[in-house]
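Report on the following structure.
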Amino acid sequence: MSRARTPDSGPINPPPRLLMGPGPITADPRVLRAMSAQLVGQYDPAMTGYMAEVQELYREVFQTDNAATLLVDGTSRAGIEAAFVSLIEPGDRVLVPIFGRFGHLLREIAERSGAEVHVLEREWGTVYPPAEIETALASIKPKLLAIVHGDTATTLAQPLDELGPLAAKYGALLYTDVTASLGGNTFLADAWGVDAATGGLQKCLAGPSGSSPITLSEAAVSIIEARKSVEAGIRVEGDAVRSDPIRSNYFDLAQILDYWGPKRLNHHTEATTMLYGARECARLLVEEGMDAAVERHRLHGTAMVAGLVGMGLQLFGDQSVRMNNVVGVHIPDGLDGDRARAALLDNYGIEIGTSFGPLAGKVWRIGTMGYNARRDAVLTTLAALEQLLRRGGVRLTPGAGVDAALESYANAGAAA
Ligand SMILES: *Cc1c(COP(=O)(O)O)cnc(C)c1O
């Protein structure tokens with residue numbers, strides 16, 4: 001019996017990189033260290049303690065008092081799937097206003113959960129005036145209004161503060177995907193009337209992907225509890241309404257809530273290492289303070305934008321609603337955007353992002369988030385990008401980008 005030998009280049013030793021794209025970003029070393037800690041059993045009192053801490057930390061991160069604040073194991077879309085498959089019963093109406101790629105993902109997951117999905121669409125680079133959403137809520141009367149907060153595909157954030165009250169007025173729950181925005185942009189789950197929000201670690205939380213923090217209002221929890229697999233199909237409190245059982249085991253939030261709750265009922269095997277990482281991500285933010293973290297993202301995001309504009313690049317989308325942590329720029333005419341990105345990686349070890357859909361090949365996306373929302377990361381990226389543009393034949397004043405960023409920092413310092 002012969003088998004090809006598996007090639008082995010030794011222990012993992014990735015090249016040094018500065019990840020300045022729209023995510024994933026370079027992880028904070030503290031998160032990586034936390035993830036190298038030894039395992040304990042999932043019912044070890046130490047583990048129960050870590051889980052309680054995680055819940056308390058993420059209440060602060062989401063700005064909520066929701067008891068149902070926990071982690072779903074898996075990347076960010078695991079949180080989305082868990083929320084949708086647990087909240088949506090087949091045939092429920094769901095309204096999804098789409099303004100970028102991740103809105104299409106919400107639509108798809110809602111459809112797969114059996115919803116009757118109604119979408120709104122707008123040109124990429126814009127967001128919705130609340131009145132447009134209100135008109136749709138009034139005519140469609142959905143059970144759930146599902147919208148992305150910050151869509152990294154377009155770099156813009158939909159203002160949410162008016163949507164919670166509007167959803168409530170028409171009897172809908174409000175769900176939002178905060179994967180890209182959380183930690184770098186103000187997000188107030190309770191004050192804005194959000195019923196369900198899900199995130200990820202790989203953007204402003206400075207960690208790797210693989211864990212999805214989620215928070216659920218009491219109204220959302222009661223819908224989920226009514227669908228408990230053992231009770232589903234049985235009359236709920238004498239009411240004739242029958243609830244459909246949740247169609248996923250892994251993403252059954254009723255079971256996951258019991259697992260995280262005081263009963264600690266068995267569900268899946270805890271992804272302990274991810275929990276250590278998610279805990280450290282939240283500790284970093286809470287130590288810094290949520291407002292201070294948003295301000296840090298604003299400071300470095302603004303300096304990056306100033307530098308890009310200083311180099312003569314044109315920004316993409318409605319800048320009044322741009323996220324603090326990522327900016328889109330039009331790729332200069334005559335320059336091959338993908339070749340330039342490859343050269344940036346080869347020569348400088350710096351990664352920036354391309355775009356999808358209507359923006360593919362036209363726009364780069366550059367992030368300043370999490371661990372990389374730092375002055376040295378901003379200035380290094382601008383210096384390297386300028387060099388590449390000049391070699392690519394783009395005419396610009398040498399040093400203009402870095403100078404503009406330095407000026408932006410000086411102005412921020414003077415204002416502070
Ligand atoms: C980056 C991002 C995701 C990522 O989802 P994964 O499952 O972790 O790939 C989801 N939603 C939004 C809005 C994002 O920006």
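Residue numbering restarts at 1 for every chain of the structure tokens, chains are lettered A, B, ... in their displayed order, and ligands are numbered from 1 as they appear.
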Within 9 Å of ligand 1 (only C-alpha atoms and all ligand atoms), residues as a PDB file with all heavy atoms, in the first residue's frame:
ATOM      1  N   PRO A  22     -11.056  45.285   4.087  1.00  0.00           N
ATOM      2  CA  PRO A  22     -12.333  45.420   4.804  1.00  0.00           C
ATOM      3  C   PRO A  22     -12.564  44.286   5.805  1.00  0.00           C
ATOM      4  O   PRO A  22     -13.680  44.107   6.274  1.00  0.00           O
ATOM      5  CB  PRO A  22     -13.354  45.380   3.669  1.00  0.00           C
ATOM      6  CG  PRO A  22     -12.694  44.608   2.578  1.00  0.00           C
ATOM      7  CD  PRO A  22     -11.220  44.845   2.700  1.00  0.00           C
ATOM      8  N   GLY A  23     -11.589  43.498   6.106  1.00  0.00           N
ATOM      9  CA  GLY A  23     -11.686  42.374   7.050  1.00  0.00           C
ATOM     10  C   GLY A  23     -11.516  41.057   6.293  1.00  0.00           C
ATOM     11  O   GLY A  23     -11.946  40.992   5.147  1.00  0.00           O
ATOM     12  N   PRO A  24     -10.841  40.087   6.881  1.00  0.00           N
ATOM     13  CA  PRO A  24     -10.284  40.108   8.238  1.00  0.00           C
ATOM     14  C   PRO A  24      -9.101  41.071   8.340  1.00  0.00           C
ATOM     15  O   PRO A  24      -8.477  41.398   7.340  1.00  0.00           O
ATOM     16  CB  PRO A  24      -9.812  38.674   8.450  1.00  0.00           C
ATOM     17  CG  PRO A  24      -9.463  38.185   7.080  1.00  0.00           C
ATOM     18  CD  PRO A  24     -10.472  38.847   6.180  1.00  0.00           C
ATOM     19  N   GLY A  74     -19.205  29.901  14.985  1.00  0.00           N
ATOM     20  CA  GLY A  74     -19.193  29.961  13.524  1.00  0.00           C
ATOM     21  C   GLY A  74     -18.869  31.384  13.098  1.00  0.00           C
ATOM     22  O   GLY A  74     -18.789  32.285  13.936  1.00  0.00           O
ATOM     23  N   THR A  75     -18.696  31.609  11.805  1.00  0.00           N
ATOM     24  CA  THR A  75     -18.373  32.964  11.353  1.00  0.00           C
ATOM     25  C   THR A  75     -19.628  33.826  11.434  1.00  0.00           C
ATOM     26  O   THR A  75     -20.697  33.364  11.839  1.00  0.00           O
ATOM     27  CB  THR A  75     -17.791  32.961   9.926  1.00  0.00           C
ATOM     28  OG1 THR A  75     -18.808  32.572   8.993  1.00  0.00           O
ATOM     29  CG2 THR A  75     -16.598  32.012   9.805  1.00  0.00           C
ATOM     30  N   SER A  76     -19.510  35.054  11.030  1.00  0.00           N
ATOM     31  CA  SER A  76     -20.616  36.012  11.244  1.00  0.00           C
ATOM     32  C   SER A  76     -21.942  35.520  10.692  1.00  0.00           C
ATOM     33  O   SER A  76     -22.990  35.764  11.269  1.00  0.00           O
ATOM     34  CB  SER A  76     -20.264  37.346  10.593  1.00  0.00           C
ATOM     35  OG  SER A  76     -18.979  37.741  10.980  1.00  0.00           O
ATOM     36  N   ARG A  77     -21.893  34.830   9.560  1.00  0.00           N
ATOM     37  CA  ARG A  77     -23.174  34.396   9.007  1.00  0.00           C
ATOM     38  C   ARG A  77     -23.813  33.295   9.853  1.00  0.00           C
ATOM     39  O   ARG A  77     -25.006  33.035   9.716  1.00  0.00           O
ATOM     40  CB  ARG A  77     -23.024  33.971   7.545  1.00  0.00           C
ATOM     41  CG  ARG A  77     -22.349  32.668   7.300  1.00  0.00           C
ATOM     42  CD  ARG A  77     -21.955  32.571   5.848  1.00  0.00           C
ATOM     43  NE  ARG A  77     -21.110  33.699   5.480  1.00  0.00           N
ATOM     44  CZ  ARG A  77     -21.022  34.213   4.249  1.00  0.00           C
ATOM     45  NH1 ARG A  77     -21.716  33.705   3.274  1.00  0.00           N
ATOM     46  NH2 ARG A  77     -20.223  35.224   4.006  1.00  0.00           N
ATOM     47  N   ALA A  78     -23.072  32.679  10.740  1.00  0.00           N
ATOM     48  CA  ALA A  78     -23.675  31.723  11.669  1.00  0.00           C
ATOM     49  C   ALA A  78     -24.660  32.458  12.580  1.00  0.00           C
ATOM     50  O   ALA A  78     -25.752  31.955  12.876  1.00  0.00           O
ATOM     51  CB  ALA A  78     -22.596  31.021  12.491  1.00  0.00           C
ATOM     52  N   GLY A  79     -24.282  33.650  13.000  1.00  0.00           N
ATOM     53  CA  GLY A  79     -25.186  34.452  13.827  1.00  0.00           C
ATOM     54  C   GLY A  79     -26.439  34.836  13.050  1.00  0.00           C
ATOM     55  O   GLY A  79     -27.553  34.791  13.578  1.00  0.00           O
ATOM     56  N   ILE A  80     -26.245  35.214  11.780  1.00  0.00           N
ATOM     57  CA  ILE A  80     -27.394  35.599  10.949  1.00  0.00           C
ATOM     58  C   ILE A  80     -28.332  34.397  10.782  1.00  0.00           C
ATOM     59  O   ILE A  80     -29.549  34.504  10.954  1.00  0.00           O
ATOM     60  CB  ILE A  80     -26.941  36.088   9.547  1.00  0.00           C
ATOM     61  CG1 ILE A  80     -25.921  37.229   9.653  1.00  0.00           C
ATOM     62  CG2 ILE A  80     -28.144  36.507   8.711  1.00  0.00           C
ATOM     63  CD1 ILE A  80     -25.282  37.629   8.314  1.00  0.00           C
ATOM     64  N   GLY A 100     -26.244  46.910  -0.373  1.00  0.00           N
ATOM     65  CA  GLY A 100     -24.899  46.392  -0.649  1.00  0.00           C
ATOM     66  C   GLY A 100     -24.951  44.872  -0.618  1.00  0.00           C
ATOM     67  O   GLY A 100     -26.008  44.269  -0.410  1.00  0.00           O
ATOM     68  N   ARG A 101     -23.798  44.256  -0.762  1.00  0.00           N
ATOM     69  CA  ARG A 101     -23.722  42.806  -0.894  1.00  0.00           C
ATOM     70  C   ARG A 101     -24.332  42.052   0.292  1.00  0.00           C
ATOM     71  O   ARG A 101     -24.977  41.018   0.132  1.00  0.00           O
ATOM     72  CB  ARG A 101     -22.252  42.414  -1.023  1.00  0.00           C
ATOM     73  CG  ARG A 101     -22.033  40.943  -1.092  1.00  0.00           C
ATOM     74  CD  ARG A 101     -20.539  40.660  -1.007  1.00  0.00           C
ATOM     75  NE  ARG A 101     -20.293  39.261  -1.337  1.00  0.00           N
ATOM     76  CZ  ARG A 101     -19.420  38.502  -0.692  1.00  0.00           C
ATOM     77  NH1 ARG A 101     -18.724  39.004   0.309  1.00  0.00           N
ATOM     78  NH2 ARG A 101     -19.240  37.260  -1.042  1.00  0.00           N
ATOM     79  N   PHE A 102     -24.122  42.570   1.488  1.00  0.00           N
ATOM     80  CA  PHE A 102     -24.581  41.800   2.642  1.00  0.00           C
ATOM     81  C   PHE A 102     -26.095  41.861   2.825  1.00  0.00           C
ATOM     82  O   PHE A 102     -26.678  40.990   3.464  1.00  0.00           O
ATOM     83  CB  PHE A 102     -23.797  42.194   3.896  1.00  0.00           C
ATOM     84  CG  PHE A 102     -22.382  41.694   3.832  1.00  0.00           C
ATOM     85  CD1 PHE A 102     -21.332  42.536   3.493  1.00  0.00           C
ATOM     86  CD2 PHE A 102     -22.103  40.352   4.029  1.00  0.00           C
ATOM     87  CE1 PHE A 102     -20.023  42.059   3.383  1.00  0.00           C
ATOM     88  CE2 PHE A 102     -20.807  39.856   3.920  1.00  0.00           C
ATOM     89  CZ  PHE A 102     -19.766  40.714   3.596  1.00  0.00           C
ATOM     90  N   GLY A 103     -26.732  42.850   2.239  1.00  0.00           N
ATOM     91  CA  GLY A 103     -28.194  42.854   2.196  1.00  0.00           C
ATOM     92  C   GLY A 103     -28.698  41.675   1.371  1.00  0.00           C
ATOM     93  O   GLY A 103     -29.709  41.037   1.701  1.00  0.00           O
ATOM     94  N   LEU A 105     -27.165  38.888   1.139  1.00  0.00           N
ATOM     95  CA  LEU A 105     -26.982  37.703   1.991  1.00  0.00           C
ATOM     96  C   LEU A 105     -28.158  37.565   2.964  1.00  0.00           C
ATOM     97  O   LEU A 105     -28.680  36.456   3.163  1.00  0.00           O
ATOM     98  CB  LEU A 105     -25.658  37.814   2.756  1.00  0.00           C
ATOM     99  CG  LEU A 105     -25.340  36.654   3.699  1.00  0.00           C
ATOM    100  CD1 LEU A 105     -25.092  35.359   2.924  1.00  0.00           C
ATOM    101  CD2 LEU A 105     -24.114  36.964   4.574  1.00  0.00           C
ATOM    102  N   LEU A 106     -28.623  38.670   3.532  1.00  0.00           N
ATOM    103  CA  LEU A 106     -29.782  38.607   4.439  1.00  0.00           C
ATOM    104  C   LEU A 106     -31.005  38.086   3.685  1.00  0.00           C
ATOM    105  O   LEU A 106     -31.773  37.271   4.201  1.00  0.00           O
ATOM    106  CB  LEU A 106     -30.100  39.979   5.041  1.00  0.00           C
ATOM    107  CG  LEU A 106     -29.052  40.640   5.932  1.00  0.00           C
ATOM    108  CD1 LEU A 106     -29.645  41.862   6.637  1.00  0.00           C
ATOM    109  CD2 LEU A 106     -28.486  39.677   6.957  1.00  0.00           C
ATOM    110  N   VAL A 148     -28.818  45.433   7.164  1.00  0.00           N
ATOM    111  CA  VAL A 148     -27.414  45.510   7.562  1.00  0.00           C
ATOM    112  C   VAL A 148     -27.180  46.890   8.178  1.00  0.00           C
ATOM    113  O   VAL A 148     -27.757  47.881   7.720  1.00  0.00           O
ATOM    114  CB  VAL A 148     -26.520  45.300   6.319  1.00  0.00           C
ATOM    115  CG1 VAL A 148     -25.058  45.579   6.640  1.00  0.00           C
ATOM    116  CG2 VAL A 148     -26.692  43.880   5.768  1.00  0.00           C
ATOM    117  N   HIS A 149     -26.364  46.959   9.222  1.00  0.00           N
ATOM    118  CA  HIS A 149     -26.005  48.277   9.769  1.00  0.00           C
ATOM    119  C   HIS A 149     -24.926  48.875   8.869  1.00  0.00           C
ATOM    120  O   HIS A 149     -25.208  49.746   8.064  1.00  0.00           O
ATOM    121  CB  HIS A 149     -25.547  48.147  11.227  1.00  0.00           C
ATOM    122  CG  HIS A 149     -25.210  49.475  11.866  1.00  0.00           C
ATOM    123  ND1 HIS A 149     -24.274  49.616  12.844  1.00  0.00           N
ATOM    124  CD2 HIS A 149     -25.709  50.715  11.629  1.00  0.00           C
ATOM    125  CE1 HIS A 149     -24.207  50.901  13.208  1.00  0.00           C
ATOM    126  NE2 HIS A 149     -25.059  51.585  12.480  1.00  0.00           N
ATOM    127  N   GLY A 150     -23.691  48.347   8.960  1.00  0.00           N
ATOM    128  CA  GLY A 150     -22.641  48.823   8.059  1.00  0.00           C
ATOM    129  C   GLY A 150     -22.355  47.747   7.032  1.00  0.00           C
ATOM    130  O   GLY A 150     -22.043  46.618   7.394  1.00  0.00           O
ATOM    131  N   ASP A 151     -22.492  48.085   5.757  1.00  0.00           N
ATOM    132  CA  ASP A 151     -22.220  47.088   4.711  1.00  0.00           C
ATOM    133  C   ASP A 151     -20.819  47.336   4.168  1.00  0.00           C
ATOM    134  O   ASP A 151     -20.576  48.336   3.490  1.00  0.00           O
ATOM    135  CB  ASP A 151     -23.268  47.192   3.593  1.00  0.00           C
ATOM    136  CG  ASP A 151     -23.322  45.920   2.753  1.00  0.00           C
ATOM    137  OD1 ASP A 151     -22.232  45.444   2.345  1.00  0.00           O
ATOM    138  OD2 ASP A 151     -24.422  45.392   2.523  1.00  0.00           O
ATOM    139  N   THR A 152     -19.888  46.439   4.463  1.00  0.00           N
ATOM    140  CA  THR A 152     -18.496  46.652   4.023  1.00  0.00           C
ATOM    141  C   THR A 152     -18.377  46.666   2.506  1.00  0.00           C
ATOM    142  O   THR A 152     -17.390  47.149   1.974  1.00  0.00           O
ATOM    143  CB  THR A 152     -17.531  45.577   4.561  1.00  0.00           C
ATOM    144  OG1 THR A 152     -18.228  44.365   4.661  1.00  0.00           O
ATOM    145  CG2 THR A 152     -16.920  45.965   5.868  1.00  0.00           C
ATOM    146  N   ALA A 153     -19.374  46.122   1.814  1.00  0.00           N
ATOM    147  CA  ALA A 153     -19.304  46.119   0.346  1.00  0.00           C
ATOM    148  C   ALA A 153     -19.325  47.548  -0.188  1.00  0.00           C
ATOM    149  O   ALA A 153     -18.684  47.852  -1.194  1.00  0.00           O
ATOM    150  CB  ALA A 153     -20.469  45.318  -0.236  1.00  0.00           C
ATOM    151  N   THR A 155     -19.088  50.327   2.144  1.00  0.00           N
ATOM    152  CA  THR A 155     -18.445  51.100   3.233  1.00  0.00           C
ATOM    153  C   THR A 155     -19.429  52.016   3.987  1.00  0.00           C
ATOM    154  O   THR A 155     -19.010  52.762   4.864  1.00  0.00           O
ATOM    155  CB  THR A 155     -17.243  51.982   2.764  1.00  0.00           C
ATOM    156  OG1 THR A 155     -17.728  53.138   2.060  1.00  0.00           O
ATOM    157  CG2 THR A 155     -16.282  51.195   1.885  1.00  0.00           C
ATOM    158  N   THR A 176     -30.596  43.480  12.908  1.00  0.00           N
ATOM    159  CA  THR A 176     -29.526  44.115  12.136  1.00  0.00           C
ATOM    160  C   THR A 176     -28.207  43.354  12.244  1.00  0.00           C
ATOM    161  O   THR A 176     -27.875  42.796  13.294  1.00  0.00           O
ATOM    162  CB  THR A 176     -29.361  45.596  12.552  1.00  0.00           C
ATOM    163  OG1 THR A 176     -28.418  46.210  11.669  1.00  0.00           O
ATOM    164  CG2 THR A 176     -28.886  45.748  13.985  1.00  0.00           C
ATOM    165  N   ASP A 177     -27.480  43.330  11.124  1.00  0.00           N
ATOM    166  CA  ASP A 177     -26.156  42.708  11.050  1.00  0.00           C
ATOM    167  C   ASP A 177     -25.117  43.793  11.322  1.00  0.00           C
ATOM    168  O   ASP A 177     -24.959  44.712  10.511  1.00  0.00           O
ATOM    169  CB  ASP A 177     -25.968  42.097   9.642  1.00  0.00           C
ATOM    170  CG  ASP A 177     -24.562  41.536   9.417  1.00  0.00           C
ATOM    171  OD1 ASP A 177     -23.722  41.597  10.337  1.00  0.00           O
ATOM    172  OD2 ASP A 177     -24.308  41.034   8.296  1.00  0.00           O
ATOM    173  N   VAL A 178     -24.450  43.698  12.471  1.00  0.00           N
ATOM    174  CA  VAL A 178     -23.485  44.729  12.869  1.00  0.00           C
ATOM    175  C   VAL A 178     -22.043  44.233  12.757  1.00  0.00           C
ATOM    176  O   VAL A 178     -21.138  44.808  13.361  1.00  0.00           O
ATOM    177  CB  VAL A 178     -23.767  45.242  14.308  1.00  0.00           C
ATOM    178  CG1 VAL A 178     -25.119  45.948  14.379  1.00  0.00           C
ATOM    179  CG2 VAL A 178     -23.727  44.116  15.335  1.00  0.00           C
ATOM    180  N   THR A 179     -21.836  43.169  11.977  1.00  0.00           N
ATOM    181  CA  THR A 179     -20.494  42.568  11.864  1.00  0.00           C
ATOM    182  C   THR A 179     -19.425  43.612  11.554  1.00  0.00           C
ATOM    183  O   THR A 179     -18.355  43.614  12.158  1.00  0.00           O
ATOM    184  CB  THR A 179     -20.486  41.515  10.743  1.00  0.00           C
ATOM    185  OG1 THR A 179     -21.513  40.571  10.998  1.00  0.00           O
ATOM    186  CG2 THR A 179     -19.143  40.814  10.666  1.00  0.00           C
ATOM    187  N   ALA A 180     -19.714  44.478  10.596  1.00  0.00           N
ATOM    188  CA  ALA A 180     -18.681  45.407  10.130  1.00  0.00           C
ATOM    189  C   ALA A 180     -18.588  46.653  10.998  1.00  0.00           C
ATOM    190  O   ALA A 180     -17.536  47.277  11.079  1.00  0.00           O
ATOM    191  CB  ALA A 180     -18.973  45.818   8.691  1.00  0.00           C
ATOM    192  N   SER A 181     -19.680  47.017  11.640  1.00  0.00           N
ATOM    193  CA  SER A 181     -19.740  48.319  12.308  1.00  0.00           C
ATOM    194  C   SER A 181     -19.401  48.263  13.794  1.00  0.00           C
ATOM    195  O   SER A 181     -18.806  49.202  14.340  1.00  0.00           O
ATOM    196  CB  SER A 181     -21.145  48.904  12.132  1.00  0.00           C
ATOM    197  OG  SER A 181     -22.136  47.948  12.494  1.00  0.00           O
ATOM    198  N   THR A 198     -26.448  40.716  15.318  1.00  0.00           N
ATOM    199  CA  THR A 198     -25.372  39.724  15.297  1.00  0.00           C
ATOM    200  C   THR A 198     -24.113  40.356  14.721  1.00  0.00           C
ATOM    201  O   THR A 198     -24.185  41.240  13.876  1.00  0.00           O
ATOM    202  CB  THR A 198     -25.735  38.494  14.447  1.00  0.00           C
ATOM    203  OG1 THR A 198     -25.921  38.886  13.078  1.00  0.00           O
ATOM    204  CG2 THR A 198     -26.996  37.809  14.948  1.00  0.00           C
ATOM    205  N   GLY A 199     -22.959  39.889  15.201  1.00  0.00           N
ATOM    206  CA  GLY A 199     -21.689  40.443  14.742  1.00  0.00           C
ATOM    207  C   GLY A 199     -20.671  39.364  14.457  1.00  0.00           C
ATOM    208  O   GLY A 199     -21.012  38.189  14.254  1.00  0.00           O
ATOM    209  N   GLY A 200     -19.427  39.777  14.415  1.00  0.00           N
ATOM    210  CA  GLY A 200     -18.311  38.860  14.186  1.00  0.00           C
ATOM    211  C   GLY A 200     -17.085  39.483  14.826  1.00  0.00           C
ATOM    212  O   GLY A 200     -17.133  40.626  15.269  1.00  0.00           O
ATOM    213  N   LEU A 201     -15.991  38.739  14.883  1.00  0.00           N
ATOM    214  CA  LEU A 201     -14.803  39.267  15.554  1.00  0.00           C
ATOM    215  C   LEU A 201     -13.807  39.912  14.600  1.00  0.00           C
ATOM    216  O   LEU A 201     -12.901  40.613  15.036  1.00  0.00           O
ATOM    217  CB  LEU A 201     -14.068  38.130  16.304  1.00  0.00           C
ATOM    218  CG  LEU A 201     -14.872  37.268  17.280  1.00  0.00           C
ATOM    219  CD1 LEU A 201     -13.929  36.289  17.984  1.00  0.00           C
ATOM    220  CD2 LEU A 201     -15.627  38.117  18.277  1.00  0.00           C
ATOM    221  N   GLN A 202     -13.950  39.652  13.295  1.00  0.00           N
ATOM    222  CA  GLN A 202     -12.836  39.941  12.383  1.00  0.00           C
ATOM    223  C   GLN A 202     -12.795  41.351  11.823  1.00  0.00           C
ATOM    224  O   GLN A 202     -12.036  41.622  10.902  1.00  0.00           O
ATOM    225  CB  GLN A 202     -12.836  38.922  11.240  1.00  0.00           C
ATOM    226  CG  GLN A 202     -13.925  39.090  10.180  1.00  0.00           C
ATOM    227  CD  GLN A 202     -15.186  38.291  10.452  1.00  0.00           C
ATOM    228  OE1 GLN A 202     -15.588  38.160  11.590  1.00  0.00           O
ATOM    229  NE2 GLN A 202     -15.811  37.762   9.408  1.00  0.00           N
ATOM    230  N   LYS A 203     -13.607  42.233  12.369  1.00  0.00           N
ATOM    231  CA  LYS A 203     -13.570  43.621  11.888  1.00  0.00           C
ATOM    232  C   LYS A 203     -13.056  44.500  13.048  1.00  0.00           C
ATOM    233  O   LYS A 203     -11.935  44.335  13.454  1.00  0.00           O
ATOM    234  CB  LYS A 203     -14.937  44.042  11.382  1.00  0.00           C
ATOM    235  CG  LYS A 203     -15.575  43.017  10.404  1.00  0.00           C
ATOM    236  CD  LYS A 203     -15.311  43.305   8.941  1.00  0.00           C
ATOM    237  CE  LYS A 203     -15.644  42.144   8.036  1.00  0.00           C
ATOM    238  NZ  LYS A 203     -16.964  42.143   7.460  1.00  0.00           N
ATOM    239  N   SER A 209     -12.115  35.525  12.520  1.00  0.00           N
ATOM    240  CA  SER A 209     -13.505  35.125  12.360  1.00  0.00           C
ATOM    241  C   SER A 209     -13.701  33.754  12.991  1.00  0.00           C
ATOM    242  O   SER A 209     -12.744  32.998  13.154  1.00  0.00           O
ATOM    243  CB  SER A 209     -13.900  35.104  10.883  1.00  0.00           C
ATOM    244  OG  SER A 209     -13.293  34.009  10.257  1.00  0.00           O
ATOM    245  N   GLY A 210     -14.930  33.430  13.373  1.00  0.00           N
ATOM    246  CA  GLY A 210     -15.179  32.114  13.947  1.00  0.00           C
ATOM    247  C   GLY A 210     -16.104  32.138  15.157  1.00  0.00           C
ATOM    248  O   GLY A 210     -16.414  31.096  15.727  1.00  0.00           O
ATOM    249  N   SER A 211     -16.537  33.337  15.540  1.00  0.00           N
ATOM    250  CA  SER A 211     -17.490  33.433  16.644  1.00  0.00           C
ATOM    251  C   SER A 211     -18.407  34.605  16.328  1.00  0.00           C
ATOM    252  O   SER A 211     -17.948  35.647  15.864  1.00  0.00           O
ATOM    253  CB  SER A 211     -16.748  33.693  17.959  1.00  0.00           C
ATOM    254  OG  SER A 211     -17.670  33.837  19.022  1.00  0.00           O
ATOM    255  N   SER A 212     -19.704  34.422  16.561  1.00  0.00           N
ATOM    256  CA  SER A 212     -20.653  35.483  16.247  1.00  0.00           C
ATOM    257  C   SER A 212     -21.416  35.905  17.496  1.00  0.00           C
ATOM    258  O   SER A 212     -22.336  35.211  17.934  1.00  0.00           O
ATOM    259  CB  SER A 212     -21.622  35.013  15.162  1.00  0.00           C
ATOM    260  OG  SER A 212     -22.543  36.037  14.848  1.00  0.00           O
TER     261      SER A 212
END
Skip region 382-392 of chain A itself and residues of its chain fewer than 2 positions away, then list as number ranges by chain all residues within 9 Å of it, counting only C-alpha atoms.
A: 304, 307-308, 311, 332, 334-336, 340, 343-344, 347-348, 350, 377-380, 394-396, 398-402, 405
Let me see the file: selected residues, N, CA and C atoms, as a compact mmCIF listing (two decimals), in the first residue's frame.
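Full text of again23.txt as output:
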# COMPACT_ATOMS: atom_id res chain seq x y z
N MET A 304 -6.89 58.39 7.24
CA MET A 304 -6.74 57.59 6.02
C MET A 304 -7.45 58.27 4.85
N GLY A 307 -5.54 61.25 3.65
CA GLY A 307 -4.37 60.84 2.88
C GLY A 307 -4.74 60.42 1.46
N LEU A 308 -5.81 59.67 1.34
CA LEU A 308 -6.23 59.19 0.00
C LEU A 308 -6.66 60.38 -0.86
N MET A 311 -3.79 62.33 -2.12
CA MET A 311 -3.14 61.73 -3.28
C MET A 311 -3.95 61.93 -4.55
N PRO A 332 -7.72 54.58 -9.97
CA PRO A 332 -7.44 55.57 -11.01
C PRO A 332 -7.51 54.96 -12.41
N GLY A 334 -6.77 53.70 -15.98
CA GLY A 334 -5.55 53.21 -16.61
C GLY A 334 -4.73 52.30 -15.71
N LEU A 335 -5.12 52.20 -14.43
CA LEU A 335 -4.35 51.35 -13.50
C LEU A 335 -5.09 50.02 -13.33
N ASP A 336 -4.35 48.91 -13.37
CA ASP A 336 -4.96 47.60 -13.14
C ASP A 336 -5.03 47.39 -11.62
N ALA A 340 -2.11 46.06 -8.97
CA ALA A 340 -1.57 46.99 -7.96
C ALA A 340 -1.71 46.39 -6.56
N ALA A 343 0.94 43.81 -6.09
CA ALA A 343 2.26 44.43 -5.88
C ALA A 343 2.37 44.99 -4.46
N LEU A 344 1.27 45.52 -3.94
CA LEU A 344 1.26 46.05 -2.58
C LEU A 344 1.57 44.92 -1.58
N ASN A 347 5.44 43.61 -2.34
CA ASN A 347 6.54 44.52 -2.01
C ASN A 347 6.48 45.05 -0.59
N TYR A 348 5.26 45.18 -0.06
CA TYR A 348 5.13 45.84 1.25
C TYR A 348 4.45 44.96 2.29
N ILE A 350 1.35 44.47 2.49
CA ILE A 350 0.10 45.13 2.90
C ILE A 350 -1.04 44.65 2.02
N ALA A 377 0.04 52.27 11.09
CA ALA A 377 -0.56 51.44 10.03
C ALA A 377 -1.13 52.33 8.92
N VAL A 378 -1.74 53.44 9.30
CA VAL A 378 -2.31 54.38 8.33
C VAL A 378 -1.20 54.99 7.48
N LEU A 379 -0.16 55.52 8.14
CA LEU A 379 0.90 56.22 7.41
C LEU A 379 1.68 55.26 6.51
N THR A 380 1.96 54.06 7.00
CA THR A 380 2.70 53.08 6.21
C THR A 380 1.91 52.70 4.96
N VAL A 394 0.42 57.11 -12.26
CA VAL A 394 -0.53 58.12 -11.78
C VAL A 394 0.28 59.36 -11.36
N ARG A 395 -0.16 60.51 -11.84
CA ARG A 395 0.58 61.75 -11.52
C ARG A 395 0.10 62.29 -10.18
N LEU A 396 1.02 62.40 -9.26
CA LEU A 396 0.66 63.00 -7.98
C LEU A 396 1.89 63.62 -7.35
N PRO A 398 4.66 63.93 -4.82
CA PRO A 398 5.26 63.01 -3.85
C PRO A 398 5.05 63.49 -2.41
N GLY A 399 4.64 62.59 -1.56
CA GLY A 399 4.45 62.93 -0.14
C GLY A 399 3.09 63.51 0.19
N ALA A 400 2.27 63.76 -0.82
CA ALA A 400 1.00 64.46 -0.58
C ALA A 400 0.07 63.66 0.33
N GLY A 401 0.05 62.33 0.15
CA GLY A 401 -0.86 61.51 0.94
C GLY A 401 -0.49 61.50 2.42
N VAL A 402 0.78 61.20 2.69
CA VAL A 402 1.23 61.13 4.08
C VAL A 402 1.12 62.52 4.73
N ALA A 405 -2.44 63.17 5.73
CA ALA A 405 -2.82 62.38 6.91
C ALA A 405 -2.22 62.99 8.17
For Thr302 (chain A), the closest of A:Gln319, A:Ser248, A:Asn266, A:Ser408 counting only C-alpha atoms is A:Ser408
Do you know which residues are at most 12 Å from Glu132 (chain A) counting only C-alpha atoms, after dropping those on the same chain fewer than 3 positions away, and could you put them as an MDAnalysis selection string?
chainID A and resid 97 120:122 127:129 135:139 162:163 166
